[in-house]
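Peer 1: This is the structure I have questions about; it appears just below.
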Amino acid sequence: MFRTPEGKDIFVVDGHTHFWDGSPENQKNIHGKQFIDCFYAYHTGLSPKEQLWEKSKFEKYSAENLYNDLFIDGPDDIAIFQTTSLSDFYKNGFGCIKRTSEIAKKYPGRFIVNGAFDPRDGEKALEYIHFMKETYDIKGVKMYTAEWNGASKGWRLNDPEAYKCFELCDKLGIRNIHVHKGPTIIPLNKDAFDVHDVDHAATDFQGLNWIVEHCGLPRLDDFCWIATQETNVYAGLAVALPFIHSRPRYFGEVIAELLFWIGPEKILFGSDYAIWTPRWLVEKLWAYQIPEDIAAERGVQLTDEIKEKILGLNAARLYDIDIEARKVEFANSPSSIAAE
Amino acid sequence: MATASVSGSREKELWRRLGEVNDPELDEPITEMGFVEHVAVTDDGGVQVDFRLPTYWCSPTFAFLMLDGVRKALDQLSWSPAYRVKLHDHMFAEEVNRGIQAGKAFGEIFGELAGALDLAGLKETFAIKAFKRRQEAVLRGLRQHGLTDRDILAMDLPAYDVARFEPGEAAKQKPRYRAALLERFPDRQADDPVFVTWEGQGIPVGALGAHLAELRGVRVNMEFNGALCRGLKQTRYKELDVVDGELTLVDFIMNRVPARAAPTA
């Protein structure tokens with residue numbers, strides 16, 4: 001729960017968190033090392049100085065660190081785990097579902113565990129989706145279209161084999177598809193962050209919600225256009241939000257575009273923990289106002305009401321979270337006690 | 001003494017040439033982005049350039065375009081030196097280094113990986129973005145200066161050239177927009193309006209706000225990449241340490257990577 005300076009309690013759903021192991025012991029190859037190094041550079045590049053972590057902790061942090069940073073020191077009420085397998089880079093996967101599920105079990109009610117699959121695995125991917133639904137009762141998945149798989153160095157959401165997987169998700173009630181658009185490296189003629197495959201998939205699967213992480217940046221204009229056309233496309237703020245510290249005016253331009261095009265109901269907060277911790281992000285977001293000239297040009301404001309939607313209400317709707325019930329539940333088992 | 005001053009002025013010329021090479025995606029000079037880690041001019045005039053991108057995964061296409069730009073910049077040096085250009089710590093470093101050294105074209109370096117890459121089309125996309133981003137900065141600068149939209153849109157090249165800005169983004173982009181305009185419309189007349197769309201259409205006075213909003217969208221995307229690249233480049237190879245009681249990012253391979261030489265003014 002985040003308590004505002006005025007004393008109001010805001011329910012926070014952190015739409016994007018990880019529990020990873022990027023340690024040298026788990027790295028399979030140079031790519032695994034470069035991957036966590038790149039994450040660490042994001043962390044050091046955009047965090048306030050007093051929030052910086054040592055490299056070794058960043059590579060592999062404990063469940064206690066995680067719980068504390070999100071729920072005790074941090075304002076989260078519920079956090080969504082995004083599984084990131086990266087099995088070509090890490091021996092036991094980077095943030096595998098088995099590991100995150102164990103933590104989720106340890107702290108009941110706090111985590112929503114999303115799965116992941118790779119459509120390029122064909123029949124096996126379909127079996128795996130069944131397995132995840134039966135074993136973990138997942139409500140969502142994280143898709144990382146830039147992931148390597150043998151000779152393939154990336155895929156598209158509207159590939160035929162991906163469609164088979166989404167049909168199954170739809171059937172099984174796995175409704176929330178988080179999409180991470182990363183740089184597709186090979187073949188080189190594919191646009192690194194092209195988001196048009198989201199448009200196809202969202203049109204063809206109206207029953208699924210498509211949450212595009214880091215709001216499609218650096219293709220914000222394309223993303224906004226698509227999200228405006230498609231009622232089932234949402235913007236995840238992970239990676240865009242930390243700019244609120246290092247480049248607040250720039251963040252104002254991004255959030256103003258989002259509010260102008262897709263409106264306040266379709267923007268979701270996400271810390272991308274452990275790249276960033278939620279406390280400073282939420283505090284800064286609450287204190288933030290879009291610079292006047294930008295707000296005037298786009299005719300939008302980031303009001304408290306809108307902030308509350310972004311911080312929790314929107315995600316609660318997608319994940320069927322009964323906020324009032326959960327508030328009572330958490331009040332009866334305070335997080336500080338649950339942590340012990 | 002004479003030798004020192006020769007190599008000093010050569011180094012200056014070298015930095016100036018390198019400063020003309022842009023990151024195509026960001027439309028910012030590679031020297032300002034910090035991608036040029038190190039340069040050296042040896043006694044016999046030979047040139048070495050060490051190049052490093054923010055991540056191991058940076059687009060190989062863009063890496064090639066930049067190094068191709070570096071290659072062309074070095075070919076223009078007044079003393080026609082032999083040179084060595086080296087890309088460090090990139091997943092395609094070996095292929096790119098070998099290809100650049102041998103003067104190969106993109107398709108020859110990447111072969112099948114390149115697929116049907118339309119480099120010309122890609123370059124045009126970048127040219128459009130650069131044109132718009134530069135124009136936006138100047139337009140906003142002029143508005144801030146208190147000019148009316150009518151005055152701004154009536155501006156021709158002579159009027160444009162006498163406009164002055166305080167140091168800042170508009171001042172920086174003013175000559176760059178001019179260059180982009182002349183490159184886009186080589187046959188334009190001196191009294192044609194300076195601010196037109198990429199397609200060459202005039203902008204109605206009442207539509208400048210909407211036009212600026214569109215340009216902002218272009219810049220917001222480019223800035224995202226630029227800011228991330230800058231941040232990542234600054235912190236790549238750095239780890240957290242406590243120095244004199246202060247949390248500090250320390251370059252942990254300081255002795256391996258050539259130190260970044262600052263361009264001499």
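Labels used: A, B, ... for chains in the order of the structure tokens, numbers from 1 for residues in each chain, and numbers from 1 for ligands as shown.
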Hey, what's within 9 Å of Arg71 of chain B if we count only C-alpha atoms and toss same-chain stuff fewer than 2 positions away? As a ChimeraX atom specification, please?

Peer 2: /B:66-69,73-76,83,85,100-101,103

Peer 1: Could you please take those selected residues and save N, CA and C atoms as a PDB file, in the first residue's frame?

Peer 2:
ATOM      1  N   MET B  66      27.535   2.987 -38.979  1.00  0.00           N
ATOM      2  CA  MET B  66      28.420   3.947 -38.305  1.00  0.00           C
ATOM      3  C   MET B  66      29.879   3.714 -38.685  1.00  0.00           C
ATOM      4  N   LEU B  67      30.286   2.447 -38.698  1.00  0.00           N
ATOM      5  CA  LEU B  67      31.683   2.173 -39.025  1.00  0.00           C
ATOM      6  C   LEU B  67      31.972   2.465 -40.492  1.00  0.00           C
ATOM      7  N   ASP B  68      30.964   2.289 -41.324  1.00  0.00           N
ATOM      8  CA  ASP B  68      31.117   2.670 -42.718  1.00  0.00           C
ATOM      9  C   ASP B  68      31.292   4.188 -42.807  1.00  0.00           C
ATOM     10  N   GLY B  69      30.547   4.903 -41.968  1.00  0.00           N
ATOM     11  CA  GLY B  69      30.706   6.360 -41.898  1.00  0.00           C
ATOM     12  C   GLY B  69      32.103   6.739 -41.417  1.00  0.00           C
ATOM     13  N   ALA B  73      34.903   8.851 -43.333  1.00  0.00           N
ATOM     14  CA  ALA B  73      35.493  10.039 -42.703  1.00  0.00           C
ATOM     15  C   ALA B  73      37.020   9.946 -42.738  1.00  0.00           C
ATOM     16  N   LEU B  74      37.540   8.747 -42.490  1.00  0.00           N
ATOM     17  CA  LEU B  74      38.989   8.585 -42.472  1.00  0.00           C
ATOM     18  C   LEU B  74      39.580   8.725 -43.872  1.00  0.00           C
ATOM     19  N   ASP B  75      38.802   8.319 -44.862  1.00  0.00           N
ATOM     20  CA  ASP B  75      39.274   8.460 -46.246  1.00  0.00           C
ATOM     21  C   ASP B  75      39.425   9.924 -46.646  1.00  0.00           C
ATOM     22  N   GLN B  76      38.776  10.804 -45.903  1.00  0.00           N
ATOM     23  CA  GLN B  76      38.845  12.235 -46.252  1.00  0.00           C
ATOM     24  C   GLN B  76      39.962  12.961 -45.530  1.00  0.00           C
ATOM     25  N   TYR B  83      44.839   3.194 -41.890  1.00  0.00           N
ATOM     26  CA  TYR B  83      44.095   3.217 -40.623  1.00  0.00           C
ATOM     27  C   TYR B  83      43.605   1.835 -40.224  1.00  0.00           C
ATOM     28  N   VAL B  85      40.359   0.372 -37.837  1.00  0.00           N
ATOM     29  CA  VAL B  85      39.161   0.668 -37.064  1.00  0.00           C
ATOM     30  C   VAL B  85      38.750  -0.613 -36.365  1.00  0.00           C
ATOM     31  N   ILE B 100      35.114  -4.393 -42.450  1.00  0.00           N
ATOM     32  CA  ILE B 100      35.435  -2.966 -42.583  1.00  0.00           C
ATOM     33  C   ILE B 100      36.880  -2.813 -43.049  1.00  0.00           C
ATOM     34  N   GLN B 101      37.760  -3.610 -42.462  1.00  0.00           N
ATOM     35  CA  GLN B 101      39.179  -3.523 -42.805  1.00  0.00           C
ATOM     36  C   GLN B 101      39.390  -3.856 -44.289  1.00  0.00           C
ATOM     37  N   GLY B 103      37.289  -3.314 -46.588  1.00  0.00           N
ATOM     38  CA  GLY B 103      36.516  -2.405 -47.429  1.00  0.00           C
ATOM     39  C   GLY B 103      35.250  -3.030 -47.986  1.00  0.00           C
TER      40      GLY B 103
END

Peer 1: With a distance cut-off of 10 Å and only C-alpha atoms, select the neighbouring residues of Ile323 of chain A, excluding the residue or stretch itself and same-chain residues fewer than 6 positions from it, and output the selection as an MDAnalysis selection string.

Peer 2: chainID A and resid 11:13 77 312:313 316:317 329

Peer 1: Hey, can you spit out that residue selection with N, CA and C atoms as a compact mmCIF listing (two decimals), in the first residue's frame?

Peer 2:
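As written to disk, part-v8.txt reads:
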# COMPACT_ATOMS: atom_id res chain seq x y z
N PHE A 11 -3.75 1.47 -3.58
CA PHE A 11 -3.48 0.05 -3.80
C PHE A 11 -2.57 -0.10 -5.03
N VAL A 12 -1.44 -0.79 -4.83
CA VAL A 12 -0.45 -0.84 -5.90
C VAL A 12 -0.30 -2.28 -6.44
N VAL A 13 -0.54 -2.42 -7.73
CA VAL A 13 -0.23 -3.68 -8.41
C VAL A 13 0.98 -3.43 -9.30
N ASP A 77 1.29 -3.96 -3.30
CA ASP A 77 0.34 -4.86 -2.62
C ASP A 77 0.37 -6.22 -3.28
N GLY A 312 -2.70 0.77 -9.88
CA GLY A 312 -3.30 -0.50 -9.42
C GLY A 312 -4.64 -0.85 -10.02
N LEU A 313 -5.51 0.14 -10.18
CA LEU A 313 -6.88 -0.18 -10.59
C LEU A 313 -6.94 -0.86 -11.96
N ALA A 316 -5.70 -4.42 -11.72
CA ALA A 316 -6.65 -5.20 -10.93
C ALA A 316 -7.81 -5.68 -11.81
N ARG A 317 -8.21 -4.82 -12.73
CA ARG A 317 -9.29 -5.19 -13.65
C ARG A 317 -8.86 -6.35 -14.55
N GLU A 329 -7.76 -8.51 3.70
CA GLU A 329 -6.88 -9.67 3.89
C GLU A 329 -5.48 -9.22 4.35

Peer 1: Could you work out which residues of chain A fall inside 10 Å of chain B? Count only C-alpha atoms, and format the result as an MDAnalysis selection string.

Peer 2: chainID A and resid 30:31 34:35 37:46 49:56 183:192 216:222 224 239:240 243 246:247 250:251 253:254 257 294 297:298

Peer 1: Using only C-alpha atoms, can you tell me which of A:Leu172, A:Met143, A:Ile78, A:Val328 comes closest to Asp118 of chain A?

Peer 2: A:Met143

Peer 1: Quick one: DSSP strand (DSSP E or B) residues in segment 2-156 of chain B, as an NGL selection string?

Peer 2: :B and (22-23 or 28-29 or 36-41 or 47-52 or 83-88 or 156)

Peer 1: Would you list the contacts of Ala170 of chain B as a tab-separated table (two decimals) with C-alpha atoms, in the first residue's frame, taking every protein, DNA or RNA residue within 8 Å and counting only C-alpha atoms, but skipping same-chain residues closer than 6 positions in sequence?

Peer 2:
chain	number	residue	atom	x	y	z
B	137	ALA	CA	13.90	21.82	-32.28
B	138	VAL	CA	14.19	24.95	-34.40
B	139	LEU	CA	10.42	25.53	-34.57
B	140	ARG	CA	10.10	25.26	-30.81
B	141	GLY	CA	13.08	27.56	-30.38

Peer 1: So which bits of segment 59-152 of chain A end up helix (DSSP H, G or I) when you DSSP the backbone, as a PyMOL selection string?

Peer 2: chain A and resi 59+63-72+97-106+119-121+123-136

Peer 1: Given the selection you just returned, output its residues as a file containing C-alpha atoms, formatted as a CSV table (one decimal), in the first residue's frame.

Peer 2:
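Writing the result to part22.csv gives the following:
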chain,number,residue,atom,x,y,z
A,59,GLU,CA,23.1,-10.9,-10.4
A,63,ALA,CA,13.7,-14.1,-1.7
A,64,GLU,CA,14.0,-11.9,1.4
A,65,ASN,CA,15.5,-9.0,-0.6
A,66,LEU,CA,12.7,-9.4,-3.1
A,67,TYR,CA,9.9,-9.5,-0.5
A,68,ASN,CA,11.3,-6.6,1.4
A,69,ASP,CA,11.9,-4.4,-1.6
A,70,LEU,CA,8.5,-4.9,-3.0
A,71,PHE,CA,6.2,-5.2,0.0
A,72,ILE,CA,7.9,-3.9,3.2
A,97,ILE,CA,8.5,-20.4,-13.4
A,98,LYS,CA,9.5,-23.1,-11.0
A,99,ARG,CA,11.6,-20.7,-9.0
A,100,THR,CA,9.0,-17.9,-9.0
A,101,SER,CA,6.2,-20.3,-8.1
A,102,GLU,CA,8.1,-21.4,-5.0
A,103,ILE,CA,8.4,-17.9,-3.8
A,104,ALA,CA,4.8,-17.2,-4.6
A,105,LYS,CA,3.8,-20.1,-2.5
A,106,LYS,CA,5.9,-18.9,0.4
A,119,PRO,CA,5.9,-20.9,-30.0
A,120,ARG,CA,8.9,-22.2,-32.0
A,121,ASP,CA,8.8,-25.3,-29.9
A,123,GLU,CA,3.7,-29.2,-30.2
A,124,LYS,CA,5.9,-29.0,-27.1
A,125,ALA,CA,4.9,-25.4,-26.6
A,126,LEU,CA,1.2,-26.4,-26.6
A,127,GLU,CA,1.8,-29.2,-24.1
A,128,TYR,CA,3.8,-26.8,-21.9
A,129,ILE,CA,0.9,-24.3,-21.9
A,130,HIS,CA,-1.4,-27.1,-20.6
A,131,PHE,CA,1.2,-28.0,-18.0
A,132,MET,CA,1.5,-24.4,-16.8
A,133,LYS,CA,-2.2,-24.0,-16.5
A,134,GLU,CA,-2.7,-27.2,-14.6
A,135,THR,CA,0.3,-26.9,-12.4
A,136,TYR,CA,0.4,-23.1,-11.7

Peer 1: So which one's closest to Trp155 of chain A, A:Val179, A:Leu285, A:Ala331, A:Ile244? Using only C-alpha atoms, please.

Peer 2: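 Comparing A:Val179, A:Leu285, A:Ala331, A:Ile244 against Trp155 of chain A, the winner is A:Val179.
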
Peer 1: Which of these, A:Ala116, A:Ile262, A:Ile211, A:Cys169, has the shortest distance to Ser87 of chain A once you count only C-alpha atoms?

Peer 2: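 Result for the nearest residue to Ser87 of chain A: A:Ala116.
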
Peer 1: What does the distance from atom CA of Lys266 of chain A to atom CA of Asp204 of chain A come to in Å, to one decimal?

Peer 2: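 Distance reported for this atom pair: 19.2 Å.
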
Peer 1: Just how far from atom CA of Ala154 of chain B is atom CA of Asp191 of chain B, in Å to one decimal?

Peer 2: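 Rounded to one decimal, the two atoms are 9.5 Å apart.
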
Peer 1: Take atom CA of Gln82 of chain A and atom CA of Pro242 of chain A and report the distance between them in Å, one decimal.

Peer 2: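 Computing it gives 18.6 Å between the two atoms.
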
Peer 1: Residues near segment 182-187 of chain B, anyone? I mean within 9 Å using only C-alpha atoms, not counting same-chain ones fewer than 6 positions away, as a list in words.

Peer 2: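 In the requested format, the answer is Ala127, Phe131, Trp198 and Gly200 of chain B.
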